[in-house]
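Here the structure comes first, spelled out in structure tokens, and everything after it is commentary.
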Amino acid sequence: MYYYYTFITIITINYGGDKMNLRTNSKKRNNKKCALLMLSCITTFSLSNSVSAENNYNTVRSNLANRVSTVEKANVIYPDDYIQLSGISTDNNLVIDKKTGVPVLLFHKFVDSPKDIEYPDTEITLDYFKNVLEYLKVNKYSTISYQQLYSYIKDGTPIPKNSIVLSIDDGFYADGAIKLLKEYNMHADIAVVGERQEKGTITDPKDYYTWEQIIDLAQDKDGDIIDVTDHTPQHADLVEVSKNPDELKQLFKSSMNIFKQEVGSSSDILVYPYGSYNKEIEEIAAQSGYKMGVTIEEGLNYYGDNPFEIKRYSVNPNISVEEIFNKINSDSLNQINNDNNNIEKSNDNNPDDNLVIDKETGVPVLLFHKFVDSPKDVEYPDTEITLDYFRNVLEYLKQNNYSTISYQELYSYIKDGTPIPKNSIVLSIDDGFYADGAIKLLKEYNMHADLAVVGERQENGIITDPKDYYSWEQVASLAQDKDGDIIDVVDHTPQHEDLENLSKKPNKLKQLFKSSMNLFKQKLGSSSDILVYPYGSYDKEIENVAAQSGYKMGVTTDEGLNYYEDNPFEIKRYIVNENVSIEDMFNKINGDASERENSN
């Protein structure tokens, strides 16, 4: 999601630290307008050092794949005049606009002393590395991961001011450097070369890490110090390989398979060997499942940049630490000057691009169940609609400038006030019925929905019968759809049992939630932290046990809008059926919003 702000407004935004896949309609994605509206940003580096925090998964499988970055709660920085007028604190501020570039430092091999250096362009001493970390500490930098950098440049996900990525290429033994990272409580990404790690020697610290050691680093209990990323199996020049696209596809497939074999899951970050890449490589990498490509071109990385062309600054003893950062600061200043020149040439302040940032704005959630081809196929009018009716709903949303967001985004908004587009709405589909016709329409309109699946129904789903439930295989395919970020899959329990019948038996309720989460992990690789109550049935005991079990949101069938600071375990929805016209439904939604405004 792209963030837009009106420059005359003073706002404070708390960012929660929960994983988010931010989405919005394509019409909201206007980089030029974004650049012109963000007039109040200060891009100087001033944040006290904070260590990047990421979701802490239980297995290295989750650690190396789907790691979604989070940062501590923080406030938006504004020019000094506004700060004095508003009393906004400047501590722990976040970067939220594309004017702020993020540097990535590139290291290779670490040696004990200058006499051990064989290749000055790629080797540094541990003392030099310590000086780099000390510089970062003194100058209040915050180390973040490639995953956090990706979320920032792709979706504008907030990161600390003065963020920096430390990257280590080639998978050399680097326990001395890891020890220093722990000492300074900082993070780095290490890119490993499959077959080199395969031949690594545990007993020879001058050799490459073994896969066993790589796994230990990723699972390190002393802190979230290392992420492991993909540097291909043989470190071959990809530009040469790209002359044969099929060979390149096979290479990427092989690399992902090695990761899966060794650590349980592939990496979606590709570090190009020798920094060598072209458009063909980028396209095939994206098709193969990577989401980011890392070069050795020098420069900063900005919100809205191409995630397959990540730039880095090479670190070597031929240049001092101060000179490296003088170059970084100079590049940042040049970008600021360019942005200011562009702003002066423009007078575009489109209010349609503003975000929802206050608790007075309610977010509706629409509830769908089953989709049928024609009115004669409707058996249960309260829960079934035709595809034509669904198309009309989507058309209404399009014409009235709604932006579809996910449950995850809704949670972040109501819990932490994380910005979402004006006219945000959630589309929810319950019960896991076969719905390819509806999915096709969502893709056509470039909109998103959350699909709540019932474990055992999906277990018994029949792929070949479109009137049945989705199978787990189909559910997994929807969640991984390459055509667009259309569907999130959430938990509707294993048997769709009325939870209030179990609320007087907390142990049984706990077991049910545990069973449901385990089923998700088994079928999709990780559990869902969104719980959709069967029949919308819930009470305080159910909410408490759900929270203890690892859910962060509970979805009801109570009617109404959802506001910042509402109880996230009592999410309200509007049921959609053909007994009520689309206009009447939205008249009701707008009426509820007006009633809230009047009461305040």
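Chain lettering (A, B, ...) mirrors the order of the structure tokens, residue numbering begins at 1 for each chain separately, and ligand numbering begins at 1 in order of display.
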| Neighbour list for Leu451 of chain A as a PyMOL selection string, cut-off 7 Å, only C-alpha atoms, skip fewer than 6 positions in-chain | chain A and resi 428-430+432+487-490
| Shell of 10 Å around Leu149 of chain A, only C-alpha atoms, local chain residues under 6 positions omitted, as an MDAnalysis selection string | chainID A and resid 69 102:104 155:159 163:165 292 301:303 307 310
| Nearest to Lys398 of chain A, chosen from A:Ser374, A:Asn446, A:Ser276, A:Gln480, with only C-alpha atoms counted in the distances |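 With only C-alpha atoms as the atom set, the closest residue is A:Asn446.
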| Pairwise distance for atom CA of Tyr274 of chain A and atom CA of Tyr290 of chain A, rounded to one decimal in Å | 17.9 Å
| said: I'd like to know which residues of segment 413-505 of chain A are strand (DSSP E) (by DSSP, run on the backbone); could you write them as a list in words? | reply: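 DSSP-assigned strand (DSSP E) residues in segment 413-505 of chain A: Ile420, Pro421, Ser424, Ile425, Val426, Leu427, Ser428, Ile429, Asp430, Ala449, Asp450, Leu451, Ala452, Val453, Ile487, Asp488, Val489, Val490 and Asp491 of chain A.
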Cut-off 12 Å: closest segment 208-245 of chain A/segment 253-268 of chain A atom pairs per residue, using only C-alpha atoms, as a Markdown table:
```
| residue | atom | partner | partner_atom | distance |
| --- | --- | --- | --- | --- |
| A:Thr210 | CA | A:Glu262 | CA | 10.3 |
| A:Trp211 | CA | A:Glu262 | CA | 6.7 |
| A:Glu212 | CA | A:Glu262 | CA | 8.3 |
| A:Gln213 | CA | A:Val263 | CA | 11.0 |
| A:Ile214 | CA | A:Val263 | CA | 8.8 |
| A:Ile215 | CA | A:Val263 | CA | 6.6 |
| A:Asp216 | CA | A:Val263 | CA | 10.3 |
| A:Leu217 | CA | A:Val263 | CA | 11.5 |
| A:Ala218 | CA | A:Val263 | CA | 9.6 |
| A:Gln219 | CA | A:Val263 | CA | 10.6 |
| A:Asp227 | CA | A:Ser267 | CA | 9.8 |
| A:Val228 | CA | A:Ser267 | CA | 7.6 |
| A:Thr229 | CA | A:Ser267 | CA | 5.6 |
| A:Asp230 | CA | A:Ser267 | CA | 5.9 |
| A:His231 | CA | A:Ser255 | CA | 8.3 |
| A:Thr232 | CA | A:Ser255 | CA | 5.4 |
| A:Pro233 | CA | A:Ser255 | CA | 5.5 |
| A:Gln234 | CA | A:Ser255 | CA | 9.1 |
| A:His235 | CA | A:Ser255 | CA | 10.5 |
| A:Ala236 | CA | A:Ser255 | CA | 11.7 |
```
| field | Given only C-alpha atoms as the counted atoms, nearest of A:Gly536, A:Pro568, A:Gly293, A:Gly437 to Arg312 of chain A | value | A:Gly293
| query | Smallest atom-to-atom distance to Lys140 of chain A: which of A:Pro421, A:Gly554, A:Pro160, A:Pro494, using only C-alpha atoms? | reply | A:Pro160
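Each of A:Asn401, A:Asn139, A:Asn316, A:Ser145 was checked against Asp121 of chain A using only C-alpha atoms; the smallest atom-to-atom distance is that of A:Asn316.
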| message | Residues near segment 170-176 of chain A, anyone? I mean within 8 Å using only C-alpha atoms, not counting same-chain ones fewer than 3 positions away, as a list of chain:residue names. | response |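 The residues satisfying every condition are A:His108, A:Lys109, A:Phe110, A:Leu126, A:Lys179, A:Leu180, A:Ile190, A:Ala191, A:Val192, A:Val193, A:Arg196, A:Gln197, A:Pro205, A:Lys206, A:Asp207, A:Tyr208, A:Tyr209, A:His231.
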| request: Report as a list in words: the residues of segment 142-177 of chain A with a DSSP assignment of alpha helix (DSSP H), based on the backbone of this structure. | output: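 So, restricting segment 142-177 of chain A to alpha helix (DSSP H), we get Tyr146, Gln147, Gln148, Leu149, Tyr150, Ser151, Tyr152, Ile153, Lys154, Asp155, Asp175, Gly176 and Ala177 of chain A.
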Include all heavy atoms and write out the residues we just selected as a compact mmCIF listing (two decimals), in the first residue's frame.
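Output file part.txt is given in full below:
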```txt
# COMPACT_ATOMS: atom_id res chain seq x y z
N TYR A 146 16.55 -7.47 4.76
CA TYR A 146 16.08 -7.36 3.38
C TYR A 146 14.55 -7.40 3.33
O TYR A 146 13.92 -6.73 2.52
CB TYR A 146 16.61 -8.53 2.55
CG TYR A 146 18.01 -8.34 1.99
CD1 TYR A 146 18.89 -9.42 1.96
CD2 TYR A 146 18.44 -7.13 1.45
CE1 TYR A 146 20.17 -9.29 1.41
CE2 TYR A 146 19.71 -7.00 0.91
CZ TYR A 146 20.58 -8.08 0.90
OH TYR A 146 21.83 -7.94 0.36
N GLN A 147 13.93 -8.25 4.17
CA GLN A 147 12.48 -8.37 4.18
C GLN A 147 11.82 -7.04 4.53
O GLN A 147 10.83 -6.64 3.91
CB GLN A 147 12.03 -9.47 5.16
CG GLN A 147 12.44 -10.88 4.78
CD GLN A 147 11.64 -11.45 3.62
OE1 GLN A 147 10.71 -10.82 3.12
NE2 GLN A 147 12.01 -12.64 3.16
N GLN A 148 12.37 -6.35 5.51
CA GLN A 148 11.83 -5.04 5.89
C GLN A 148 12.06 -4.01 4.79
O GLN A 148 11.20 -3.17 4.51
CB GLN A 148 12.46 -4.57 7.19
CG GLN A 148 11.96 -5.30 8.42
CD GLN A 148 12.81 -4.98 9.63
OE1 GLN A 148 13.92 -5.48 9.76
NE2 GLN A 148 12.30 -4.14 10.50
N LEU A 149 13.23 -4.08 4.17
CA LEU A 149 13.52 -3.17 3.06
C LEU A 149 12.53 -3.40 1.93
O LEU A 149 12.00 -2.44 1.34
CB LEU A 149 14.95 -3.38 2.56
CG LEU A 149 15.36 -2.55 1.33
CD1 LEU A 149 15.27 -1.05 1.65
CD2 LEU A 149 16.75 -2.93 0.86
N TYR A 150 12.25 -4.67 1.62
CA TYR A 150 11.29 -4.98 0.56
C TYR A 150 9.92 -4.38 0.88
O TYR A 150 9.28 -3.75 0.03
CB TYR A 150 11.15 -6.50 0.39
CG TYR A 150 10.02 -6.88 -0.53
CD1 TYR A 150 10.16 -6.86 -1.91
CD2 TYR A 150 8.77 -7.25 -0.01
CE1 TYR A 150 9.12 -7.18 -2.76
CE2 TYR A 150 7.72 -7.58 -0.85
CZ TYR A 150 7.90 -7.54 -2.22
OH TYR A 150 6.86 -7.86 -3.04
N SER A 151 9.45 -4.58 2.11
CA SER A 151 8.13 -4.08 2.50
C SER A 151 8.07 -2.56 2.41
O SER A 151 7.04 -1.98 2.07
CB SER A 151 7.78 -4.54 3.92
OG SER A 151 7.68 -5.95 3.97
N TYR A 152 9.19 -1.91 2.70
CA TYR A 152 9.24 -0.45 2.62
C TYR A 152 9.18 0.02 1.17
O TYR A 152 8.36 0.88 0.82
CB TYR A 152 10.51 0.07 3.30
CG TYR A 152 10.77 1.54 3.07
CD1 TYR A 152 9.84 2.49 3.48
CD2 TYR A 152 11.93 1.97 2.45
CE1 TYR A 152 10.07 3.84 3.26
CE2 TYR A 152 12.17 3.32 2.23
CZ TYR A 152 11.24 4.26 2.64
OH TYR A 152 11.46 5.59 2.43
N ILE A 153 10.04 -0.50 0.31
CA ILE A 153 10.09 0.02 -1.06
C ILE A 153 8.89 -0.44 -1.87
O ILE A 153 8.46 0.24 -2.79
CB ILE A 153 11.40 -0.36 -1.79
CG1 ILE A 153 11.50 -1.86 -2.03
CG2 ILE A 153 12.61 0.15 -1.03
CD1 ILE A 153 12.69 -2.24 -2.89
N LYS A 154 8.30 -1.59 -1.51
CA LYS A 154 7.16 -2.10 -2.28
C LYS A 154 5.85 -1.50 -1.80
O LYS A 154 5.00 -1.14 -2.61
CB LYS A 154 7.10 -3.63 -2.15
CG LYS A 154 6.04 -4.30 -3.00
CD LYS A 154 6.37 -4.23 -4.47
CE LYS A 154 5.50 -5.15 -5.30
NZ LYS A 154 4.07 -4.89 -5.19
N ASP A 155 5.65 -1.42 -0.48
CA ASP A 155 4.35 -1.03 0.06
C ASP A 155 4.39 0.20 0.95
O ASP A 155 3.35 0.61 1.46
CB ASP A 155 3.75 -2.20 0.87
CG ASP A 155 3.57 -3.44 0.03
OD1 ASP A 155 2.97 -3.32 -1.05
OD2 ASP A 155 4.02 -4.52 0.43
N ASP A 175 31.93 -16.38 12.13
CA ASP A 175 31.50 -16.35 13.52
C ASP A 175 32.03 -15.14 14.27
O ASP A 175 31.39 -14.64 15.20
CB ASP A 175 31.94 -17.64 14.23
CG ASP A 175 30.95 -18.77 14.00
OD1 ASP A 175 30.05 -18.60 13.15
OD2 ASP A 175 31.08 -19.83 14.65
N GLY A 176 33.21 -14.64 13.88
CA GLY A 176 33.74 -13.43 14.52
C GLY A 176 32.84 -12.24 14.27
O GLY A 176 32.56 -11.44 15.17
N ALA A 177 32.34 -12.13 13.02
CA ALA A 177 31.44 -11.03 12.67
C ALA A 177 30.08 -11.21 13.37
O ALA A 177 29.49 -10.23 13.84
CB ALA A 177 31.25 -10.97 11.16
```
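The space between atom CA of His492 of chain A and atom CA of Pro534 of chain A spans 6.4 Å.
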| task | Please indicate the distance in Å from atom CA of Phe390 of chain A to atom CA of Leu531 of chain A, rounded to one decimal place. | result |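 Answer for the atom CA of Phe390 of chain A to atom CA of Leu531 of chain A separation: 24.2 Å.
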| said: So that I can see what lies close to Asn131 of chain A, please list as a ChimeraX atom specification the residues with an atom at most 12 Å from it, counting only C-alpha atoms and leaving out residues fewer than 3 positions away in the same chain. | reply: /A:124-128,134-138,177,180-181,184,315,317,320-322
Restricting it to all heavy atoms, dump the selection as a short mmCIF file (atom, residue, chain, number, x, y, z; two decimals), in the first residue's frame.
```cif
data_model
loop_
_atom_site.label_atom_id
_atom_site.label_comp_id
_atom_site.auth_asym_id
_atom_site.auth_seq_id
_atom_site.Cartn_x
_atom_site.Cartn_y
_atom_site.Cartn_z
N ILE A 124 37.73 -7.76 4.79
CA ILE A 124 38.05 -6.76 5.80
C ILE A 124 38.39 -7.47 7.11
O ILE A 124 37.99 -8.63 7.33
CB ILE A 124 36.89 -5.76 6.05
CG1 ILE A 124 35.65 -6.49 6.59
CG2 ILE A 124 36.57 -4.96 4.81
CD1 ILE A 124 34.56 -5.55 7.07
N THR A 125 39.09 -6.77 7.98
CA THR A 125 39.39 -7.34 9.29
C THR A 125 38.19 -7.20 10.22
O THR A 125 37.31 -6.35 10.00
CB THR A 125 40.59 -6.63 9.94
OG1 THR A 125 40.24 -5.26 10.18
CG2 THR A 125 41.82 -6.71 9.04
N LEU A 126 38.19 -8.00 11.26
CA LEU A 126 37.12 -7.89 12.26
C LEU A 126 37.19 -6.55 12.98
O LEU A 126 36.15 -6.00 13.38
CB LEU A 126 37.23 -9.05 13.26
CG LEU A 126 36.84 -10.42 12.69
CD1 LEU A 126 37.18 -11.53 13.68
CD2 LEU A 126 35.35 -10.46 12.35
N ASP A 127 38.39 -6.00 13.14
CA ASP A 127 38.51 -4.67 13.76
C ASP A 127 37.83 -3.61 12.90
O ASP A 127 37.17 -2.69 13.41
CB ASP A 127 39.99 -4.31 13.96
CG ASP A 127 40.60 -5.01 15.15
OD1 ASP A 127 39.83 -5.52 15.98
OD2 ASP A 127 41.85 -5.07 15.22
N TYR A 128 37.99 -3.73 11.58
CA TYR A 128 37.34 -2.77 10.68
C TYR A 128 35.82 -2.92 10.80
O TYR A 128 35.09 -1.91 10.85
CB TYR A 128 37.79 -3.02 9.24
CG TYR A 128 37.31 -1.97 8.26
CD1 TYR A 128 38.13 -0.92 7.87
CD2 TYR A 128 36.04 -2.03 7.70
CE1 TYR A 128 37.70 0.05 6.97
CE2 TYR A 128 35.59 -1.07 6.81
CZ TYR A 128 36.42 -0.03 6.45
OH TYR A 128 35.98 0.92 5.56
N GLU A 134 30.41 0.33 15.31
CA GLU A 134 30.52 1.42 16.28
C GLU A 134 30.03 2.72 15.65
O GLU A 134 29.34 3.52 16.30
CB GLU A 134 31.96 1.56 16.75
CG GLU A 134 32.17 2.61 17.84
CD GLU A 134 31.48 2.26 19.15
OE1 GLU A 134 31.25 1.06 19.42
OE2 GLU A 134 31.14 3.20 19.90
N TYR A 135 30.37 2.95 14.38
CA TYR A 135 29.89 4.13 13.68
C TYR A 135 28.37 4.13 13.61
O TYR A 135 27.73 5.17 13.84
CB TYR A 135 30.49 4.17 12.27
CG TYR A 135 30.13 5.41 11.49
CD1 TYR A 135 30.98 6.50 11.44
CD2 TYR A 135 28.91 5.51 10.81
CE1 TYR A 135 30.64 7.67 10.74
CE2 TYR A 135 28.56 6.65 10.11
CZ TYR A 135 29.43 7.72 10.08
OH TYR A 135 29.07 8.86 9.39
N LEU A 136 27.79 2.98 13.29
CA LEU A 136 26.33 2.88 13.23
C LEU A 136 25.71 3.18 14.58
O LEU A 136 24.69 3.87 14.67
CB LEU A 136 25.91 1.47 12.77
CG LEU A 136 26.35 1.03 11.37
CD1 LEU A 136 25.84 -0.37 11.08
CD2 LEU A 136 25.86 2.00 10.30
N LYS A 137 26.32 2.67 15.62
CA LYS A 137 25.79 2.89 16.97
C LYS A 137 25.86 4.37 17.35
O LYS A 137 24.87 4.95 17.81
CB LYS A 137 26.57 2.04 17.98
CG LYS A 137 26.16 2.26 19.42
CD LYS A 137 27.03 1.43 20.37
CE LYS A 137 26.69 1.73 21.81
NZ LYS A 137 27.55 0.95 22.75
N VAL A 138 27.02 4.97 17.16
CA VAL A 138 27.22 6.37 17.55
C VAL A 138 26.31 7.29 16.76
O VAL A 138 25.78 8.27 17.28
CB VAL A 138 28.70 6.76 17.37
CG1 VAL A 138 28.88 8.27 17.53
CG2 VAL A 138 29.57 6.01 18.37
N ALA A 177 32.34 -12.13 13.02
CA ALA A 177 31.44 -11.03 12.67
C ALA A 177 30.08 -11.21 13.37
O ALA A 177 29.49 -10.23 13.84
CB ALA A 177 31.25 -10.97 11.16
N LEU A 180 30.24 -10.03 16.85
CA LEU A 180 30.18 -8.57 16.94
C LEU A 180 28.75 -8.07 16.73
O LEU A 180 28.31 -7.12 17.40
CB LEU A 180 31.12 -7.94 15.92
CG LEU A 180 32.62 -8.05 16.25
CD1 LEU A 180 33.46 -7.58 15.07
CD2 LEU A 180 32.94 -7.22 17.50
N LEU A 181 28.02 -8.68 15.79
CA LEU A 181 26.62 -8.30 15.59
C LEU A 181 25.82 -8.48 16.87
O LEU A 181 24.99 -7.65 17.25
CB LEU A 181 26.01 -9.12 14.45
CG LEU A 181 26.47 -8.77 13.04
CD1 LEU A 181 26.01 -9.85 12.06
CD2 LEU A 181 25.92 -7.41 12.61
N TYR A 184 26.65 -5.79 19.43
CA TYR A 184 26.05 -4.49 19.12
C TYR A 184 24.53 -4.59 18.92
O TYR A 184 23.88 -3.60 18.64
CB TYR A 184 26.69 -3.88 17.88
CG TYR A 184 28.04 -3.25 18.17
CD1 TYR A 184 29.19 -4.02 18.20
CD2 TYR A 184 28.14 -1.89 18.44
CE1 TYR A 184 30.43 -3.44 18.47
CE2 TYR A 184 29.36 -1.30 18.71
CZ TYR A 184 30.51 -2.08 18.74
OH TYR A 184 31.73 -1.51 19.01
N VAL A 315 31.91 -2.51 1.02
CA VAL A 315 32.79 -2.11 2.12
C VAL A 315 34.11 -2.85 1.96
O VAL A 315 34.13 -4.08 1.86
CB VAL A 315 32.15 -2.45 3.48
CG1 VAL A 315 33.09 -2.04 4.61
CG2 VAL A 315 30.80 -1.75 3.63
N PRO A 317 38.70 -2.28 2.94
CA PRO A 317 39.65 -1.46 3.70
C PRO A 317 40.31 -0.36 2.88
O PRO A 317 41.08 0.45 3.43
CB PRO A 317 40.69 -2.49 4.18
CG PRO A 317 40.59 -3.61 3.22
CD PRO A 317 39.16 -3.68 2.81
N SER A 320 37.76 4.49 3.99
CA SER A 320 37.46 4.59 5.42
C SER A 320 35.96 4.54 5.66
O SER A 320 35.15 4.80 4.76
CB SER A 320 38.02 5.89 5.99
OG SER A 320 37.29 7.00 5.52
N VAL A 321 35.60 4.22 6.89
CA VAL A 321 34.18 4.18 7.27
C VAL A 321 33.54 5.55 7.05
O VAL A 321 32.42 5.65 6.52
CB VAL A 321 34.03 3.75 8.75
CG1 VAL A 321 32.56 3.74 9.15
CG2 VAL A 321 34.65 2.38 8.97
N GLU A 322 34.26 6.61 7.43
CA GLU A 322 33.72 7.96 7.28
C GLU A 322 33.47 8.29 5.81
O GLU A 322 32.46 8.93 5.45
CB GLU A 322 34.67 8.99 7.90
CG GLU A 322 34.72 8.95 9.41
CD GLU A 322 35.50 7.77 9.96
OE1 GLU A 322 36.23 7.12 9.16
OE2 GLU A 322 35.37 7.46 11.15
#
```
